[in-house]
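Dumped query_39.txt below, it's compact mmCIF, N, CA and C atoms:
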```
# COMPACT_ATOMS: atom_id res chain seq x y z
N MET A 1408 4.26 0.70 20.92
CA MET A 1408 3.31 0.77 22.01
C MET A 1408 2.22 1.75 21.64
N THR A 1409 0.99 1.39 21.90
CA THR A 1409 -0.11 2.27 21.57
C THR A 1409 -0.54 3.05 22.80
N ALA A 1410 -1.15 4.17 22.54
CA ALA A 1410 -1.63 5.02 23.62
C ALA A 1410 -2.90 4.43 24.20
N THR A 1411 -3.11 4.62 25.45
CA THR A 1411 -4.33 4.16 26.11
C THR A 1411 -5.04 5.34 26.74
N ALA A 1412 -6.25 5.08 27.17
CA ALA A 1412 -7.02 6.14 27.82
C ALA A 1412 -6.34 6.61 29.09
N PHE A 1413 -5.57 5.73 29.72
CA PHE A 1413 -4.90 6.10 30.97
C PHE A 1413 -3.82 7.14 30.74
N GLU A 1414 -3.24 7.15 29.54
CA GLU A 1414 -2.20 8.13 29.26
C GLU A 1414 -2.78 9.52 29.05
N TYR A 1415 -4.01 9.59 28.56
CA TYR A 1415 -4.62 10.88 28.29
C TYR A 1415 -5.51 11.36 29.43
N GLY A 1416 -5.96 10.44 30.27
CA GLY A 1416 -6.85 10.80 31.34
C GLY A 1416 -8.27 10.96 30.83
N PRO A 1417 -9.14 11.49 31.67
CA PRO A 1417 -10.53 11.62 31.26
C PRO A 1417 -10.70 12.62 30.12
N ASN A 1418 -11.67 12.37 29.32
CA ASN A 1418 -11.99 13.27 28.22
C ASN A 1418 -12.63 14.53 28.79
N PRO A 1419 -12.11 15.72 28.47
CA PRO A 1419 -12.67 16.95 29.02
C PRO A 1419 -14.14 17.14 28.68
N ALA A 1420 -14.61 16.52 27.60
CA ALA A 1420 -16.02 16.66 27.22
C ALA A 1420 -16.94 16.04 28.27
N PHE A 1421 -16.42 15.11 29.07
CA PHE A 1421 -17.23 14.45 30.07
C PHE A 1421 -16.99 15.00 31.48
N ALA A 1422 -16.18 16.02 31.60
CA ALA A 1422 -15.89 16.60 32.91
C ALA A 1422 -17.17 17.17 33.50
N GLY A 1423 -17.46 16.83 34.72
CA GLY A 1423 -18.64 17.35 35.39
C GLY A 1423 -19.92 16.64 35.00
N ASN A 1424 -19.82 15.62 34.17
CA ASN A 1424 -21.01 14.88 33.76
C ASN A 1424 -20.77 13.40 34.02
N PRO A 1425 -20.88 12.93 35.26
CA PRO A 1425 -20.58 11.54 35.57
C PRO A 1425 -21.49 10.56 34.84
N ARG A 1426 -22.69 10.99 34.49
CA ARG A 1426 -23.60 10.10 33.77
C ARG A 1426 -23.04 9.75 32.39
N ALA A 1427 -22.37 10.69 31.74
CA ALA A 1427 -21.80 10.42 30.41
C ALA A 1427 -20.73 9.34 30.52
N VAL A 1428 -19.96 9.35 31.58
CA VAL A 1428 -18.93 8.32 31.77
C VAL A 1428 -19.60 6.98 32.04
N ASP A 1429 -20.67 6.99 32.84
CA ASP A 1429 -21.39 5.74 33.12
C ASP A 1429 -22.00 5.16 31.86
N ASP A 1430 -22.46 6.03 30.96
CA ASP A 1430 -23.03 5.55 29.70
C ASP A 1430 -22.00 4.81 28.86
N LEU A 1431 -20.73 5.11 29.07
CA LEU A 1431 -19.67 4.46 28.32
C LEU A 1431 -19.10 3.26 29.06
N GLY A 1432 -19.75 2.85 30.12
CA GLY A 1432 -19.26 1.72 30.88
C GLY A 1432 -18.10 2.09 31.79
N GLY A 1433 -17.98 3.35 32.14
CA GLY A 1433 -16.92 3.78 33.03
C GLY A 1433 -15.58 3.96 32.34
N ASP A 1434 -15.55 3.90 31.04
CA ASP A 1434 -14.30 4.03 30.30
C ASP A 1434 -14.22 5.45 29.73
N TYR A 1435 -13.02 5.83 29.32
CA TYR A 1435 -12.83 7.15 28.74
C TYR A 1435 -12.51 7.03 27.26
N LEU A 1436 -12.93 7.99 26.49
CA LEU A 1436 -12.61 8.01 25.08
C LEU A 1436 -11.20 8.55 24.88
N LEU A 1437 -10.52 8.04 23.88
CA LEU A 1437 -9.19 8.56 23.55
C LEU A 1437 -9.33 9.86 22.78
N ALA A 1438 -8.36 10.72 22.95
CA ALA A 1438 -8.34 11.96 22.18
C ALA A 1438 -8.04 11.61 20.73
N PRO A 1439 -8.63 12.32 19.77
CA PRO A 1439 -8.35 12.01 18.36
C PRO A 1439 -6.89 12.30 18.03
N PRO A 1440 -6.32 11.59 17.04
CA PRO A 1440 -4.93 11.84 16.69
C PRO A 1440 -4.74 13.23 16.12
N ASP A 1441 -3.58 13.78 16.32
CA ASP A 1441 -3.25 15.11 15.81
C ASP A 1441 -2.58 14.95 14.45
N PRO A 1442 -3.25 15.35 13.36
CA PRO A 1442 -2.66 15.18 12.03
C PRO A 1442 -1.32 15.91 11.88
N ALA A 1443 -1.13 16.99 12.60
CA ALA A 1443 0.13 17.74 12.50
C ALA A 1443 1.30 16.96 13.08
N ALA A 1444 1.02 15.99 13.94
CA ALA A 1444 2.08 15.22 14.58
C ALA A 1444 2.51 14.01 13.75
N ARG A 1445 1.85 13.77 12.62
CA ARG A 1445 2.20 12.63 11.78
C ARG A 1445 3.48 12.92 11.00
N LEU A 1446 4.19 11.86 10.70
CA LEU A 1446 5.39 12.00 9.89
C LEU A 1446 5.00 12.17 8.43
N ASN A 1447 5.68 13.03 7.73
CA ASN A 1447 5.40 13.25 6.32
C ASN A 1447 6.37 12.44 5.46
N ALA A 1448 6.52 11.19 5.79
CA ALA A 1448 7.42 10.32 5.04
C ALA A 1448 6.58 9.36 4.22
N GLY A 1449 6.75 9.43 2.92
CA GLY A 1449 6.05 8.49 2.05
C GLY A 1449 6.79 7.17 2.01
N ILE A 1450 6.10 6.17 1.55
CA ILE A 1450 6.73 4.85 1.46
C ILE A 1450 6.99 4.56 -0.02
N ASP A 1451 8.15 4.07 -0.30
CA ASP A 1451 8.55 3.74 -1.66
C ASP A 1451 7.61 2.66 -2.21
N PRO A 1452 7.19 2.76 -3.47
CA PRO A 1452 6.29 1.74 -4.04
C PRO A 1452 6.85 0.32 -3.92
N ARG A 1453 8.14 0.16 -4.07
CA ARG A 1453 8.74 -1.17 -3.95
C ARG A 1453 8.59 -1.69 -2.52
N ASP A 1454 8.78 -0.81 -1.52
CA ASP A 1454 8.60 -1.22 -0.13
C ASP A 1454 7.14 -1.56 0.14
N ARG A 1455 6.22 -0.79 -0.46
CA ARG A 1455 4.78 -1.05 -0.29
C ARG A 1455 4.44 -2.43 -0.86
N ARG A 1456 4.98 -2.74 -2.05
CA ARG A 1456 4.72 -4.05 -2.66
C ARG A 1456 5.30 -5.17 -1.80
N ARG A 1457 6.47 -4.95 -1.22
CA ARG A 1457 7.09 -5.95 -0.36
C ARG A 1457 6.22 -6.22 0.87
N LEU A 1458 5.74 -5.15 1.51
CA LEU A 1458 4.87 -5.31 2.68
C LEU A 1458 3.56 -5.99 2.31
N ASP A 1459 2.99 -5.60 1.17
CA ASP A 1459 1.75 -6.23 0.72
C ASP A 1459 1.94 -7.71 0.42
N LEU A 1460 3.09 -8.05 -0.15
CA LEU A 1460 3.38 -9.44 -0.45
C LEU A 1460 3.55 -10.25 0.84
N HIS A 1461 4.24 -9.68 1.82
CA HIS A 1461 4.37 -10.34 3.13
C HIS A 1461 2.99 -10.59 3.73
N ALA A 1462 2.12 -9.58 3.67
CA ALA A 1462 0.78 -9.71 4.24
C ALA A 1462 -0.03 -10.76 3.49
N ALA A 1463 0.05 -10.78 2.16
CA ALA A 1463 -0.71 -11.75 1.37
C ALA A 1463 -0.23 -13.17 1.64
N LEU A 1464 1.07 -13.34 1.75
CA LEU A 1464 1.61 -14.68 2.06
C LEU A 1464 1.14 -15.15 3.44
N THR A 1465 1.22 -14.27 4.41
CA THR A 1465 0.81 -14.63 5.77
C THR A 1465 -0.68 -14.94 5.82
N ALA A 1466 -1.50 -14.13 5.14
CA ALA A 1466 -2.95 -14.37 5.12
C ALA A 1466 -3.28 -15.70 4.44
N ALA A 1467 -2.47 -16.10 3.48
CA ALA A 1467 -2.69 -17.36 2.78
C ALA A 1467 -2.16 -18.56 3.56
N GLY A 1468 -1.61 -18.30 4.74
CA GLY A 1468 -1.10 -19.39 5.56
C GLY A 1468 0.32 -19.80 5.21
N ILE A 1469 1.04 -18.91 4.54
CA ILE A 1469 2.42 -19.18 4.14
C ILE A 1469 3.31 -18.11 4.76
N PRO A 1470 3.63 -18.23 6.04
CA PRO A 1470 4.46 -17.20 6.66
C PRO A 1470 5.85 -17.19 6.04
N PRO A 1471 6.30 -16.01 5.58
CA PRO A 1471 7.63 -15.93 4.97
C PRO A 1471 8.73 -16.31 5.96
N ARG A 1472 9.67 -17.07 5.49
CA ARG A 1472 10.82 -17.47 6.30
C ARG A 1472 11.99 -16.55 5.97
N PRO A 1473 12.97 -16.48 6.84
CA PRO A 1473 14.13 -15.62 6.56
C PRO A 1473 14.81 -15.94 5.23
N GLU A 1474 14.84 -17.21 4.87
CA GLU A 1474 15.50 -17.58 3.61
C GLU A 1474 14.67 -17.19 2.38
N ASP A 1475 13.44 -16.74 2.57
CA ASP A 1475 12.58 -16.30 1.47
C ASP A 1475 12.81 -14.83 1.11
N ARG A 1476 13.67 -14.17 1.87
CA ARG A 1476 13.85 -12.72 1.70
C ARG A 1476 14.28 -12.36 0.28
N GLU A 1477 15.22 -13.10 -0.28
CA GLU A 1477 15.72 -12.78 -1.63
C GLU A 1477 14.60 -12.90 -2.66
N ALA A 1478 13.78 -13.94 -2.54
CA ALA A 1478 12.67 -14.11 -3.49
C ALA A 1478 11.65 -12.99 -3.36
N ILE A 1479 11.34 -12.61 -2.12
CA ILE A 1479 10.38 -11.53 -1.90
C ILE A 1479 10.92 -10.21 -2.42
N GLU A 1480 12.20 -9.95 -2.21
CA GLU A 1480 12.82 -8.72 -2.73
C GLU A 1480 12.76 -8.69 -4.26
N SER A 1481 13.03 -9.83 -4.89
CA SER A 1481 13.00 -9.90 -6.35
C SER A 1481 11.59 -9.67 -6.88
N LEU A 1482 10.60 -10.31 -6.24
CA LEU A 1482 9.21 -10.13 -6.67
C LEU A 1482 8.74 -8.70 -6.43
N SER A 1483 9.20 -8.08 -5.37
CA SER A 1483 8.79 -6.70 -5.07
C SER A 1483 9.37 -5.69 -6.04
N SER A 1484 10.45 -6.06 -6.70
CA SER A 1484 11.05 -5.13 -7.66
C SER A 1484 10.33 -5.16 -9.00
N LEU A 1485 9.45 -6.14 -9.20
CA LEU A 1485 8.66 -6.21 -10.44
C LEU A 1485 7.57 -5.15 -10.41
N SER A 1486 6.91 -4.94 -11.54
CA SER A 1486 5.90 -3.89 -11.63
C SER A 1486 4.73 -4.16 -10.69
N GLY A 1487 3.97 -3.12 -10.42
CA GLY A 1487 2.82 -3.23 -9.53
C GLY A 1487 1.76 -4.18 -10.05
N SER A 1488 1.58 -4.24 -11.38
CA SER A 1488 0.56 -5.14 -11.93
C SER A 1488 0.95 -6.61 -11.72
N ILE A 1489 2.23 -6.92 -11.84
CA ILE A 1489 2.68 -8.30 -11.58
C ILE A 1489 2.50 -8.63 -10.11
N ASN A 1490 2.84 -7.70 -9.25
CA ASN A 1490 2.69 -7.93 -7.82
C ASN A 1490 1.23 -8.12 -7.45
N SER A 1491 0.34 -7.34 -8.07
CA SER A 1491 -1.10 -7.49 -7.81
C SER A 1491 -1.59 -8.86 -8.25
N THR A 1492 -1.07 -9.35 -9.37
CA THR A 1492 -1.46 -10.68 -9.85
C THR A 1492 -1.02 -11.76 -8.87
N ILE A 1493 0.19 -11.66 -8.37
CA ILE A 1493 0.69 -12.63 -7.40
C ILE A 1493 -0.18 -12.61 -6.15
N GLN A 1494 -0.54 -11.41 -5.68
CA GLN A 1494 -1.38 -11.30 -4.50
C GLN A 1494 -2.77 -11.88 -4.76
N ARG A 1495 -3.30 -11.66 -5.96
CA ARG A 1495 -4.61 -12.23 -6.32
C ARG A 1495 -4.55 -13.75 -6.28
N TRP A 1496 -3.47 -14.33 -6.80
CA TRP A 1496 -3.31 -15.78 -6.76
C TRP A 1496 -3.29 -16.27 -5.32
N LEU A 1497 -2.56 -15.55 -4.48
CA LEU A 1497 -2.48 -15.96 -3.07
C LEU A 1497 -3.84 -15.86 -2.37
N HIS A 1498 -4.63 -14.85 -2.70
CA HIS A 1498 -5.93 -14.69 -2.07
C HIS A 1498 -6.87 -15.81 -2.49
N HIS A 1499 -6.68 -16.38 -3.66
CA HIS A 1499 -7.53 -17.48 -4.12
C HIS A 1499 -7.18 -18.79 -3.43
N THR A 1500 -6.06 -18.84 -2.75
CA THR A 1500 -5.69 -20.07 -2.05
C THR A 1500 -6.40 -20.19 -0.71
N LEU A 1501 -7.04 -19.11 -0.27
CA LEU A 1501 -7.72 -19.13 1.04
C LEU A 1501 -8.95 -19.98 1.03
```
Can the structure from this file be put into structure tokens for me?
Amino acid sequence: MTATAFEYGPNPAFAGNPRAVDDLGGDYLLAPPDPAARLNAGIDPRDRRRLDLHAALTAAGIPPRPEDREAIESLSSLSGSINSTIQRWLHHTL
């Protein structure tokens, strides 16, 4: 679930200045994200390749099926250059 302006309320920068809110169409700006609140968990390169392969397949109009999991896992375990080549091939199918 993503945060909305309703969760944060009005932006304090616009307090007391109703014209500023009207200039925005009556909407409020979201507060910027707090970098200190982010998780410091990196993603494994193999997992990154797997996610990128899923995205490339979906973008090419080939949504991965559950039975494709073993093939995607095997392809994701290959080097990054091979994975990039596969993604390039898929992008050319668009």
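Each of A:Leu1482, A:Glu1477, A:Arg1495, A:Ile1469 was compared to Arg1457 (chain A) using all atoms listed in the file, and A:Leu1482 turns out to be the nearest.
Interatomic distance, atom C of Gln1494 (chain A) against atom N of Ala1463 (chain A): 7.6 Å.
Reported to one decimal place, the separation of CA of Arg1453 (chain A) from CA of Ile1489 (chain A) is 12.1 Å.
What separates CA of Ile1479 (chain A) from atom C of Arg1456 (chain A) is a distance of 8.1 Å.
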Counting only C-alpha atoms, the residue of A:Leu1460, A:Leu1437, A:Ala1443, A:Ile1450 that sits nearest Ser1483 (chain A): A:Leu1460
Residues proximal to (-5.3, -14.9, 3.0) were defined as those with any atom within 7 Å of that point in the file's coordinates, counting only C-alpha atoms. Which are they, as a PyMOL selection string? chain A and resi 1463-1468+1497-1498+1501
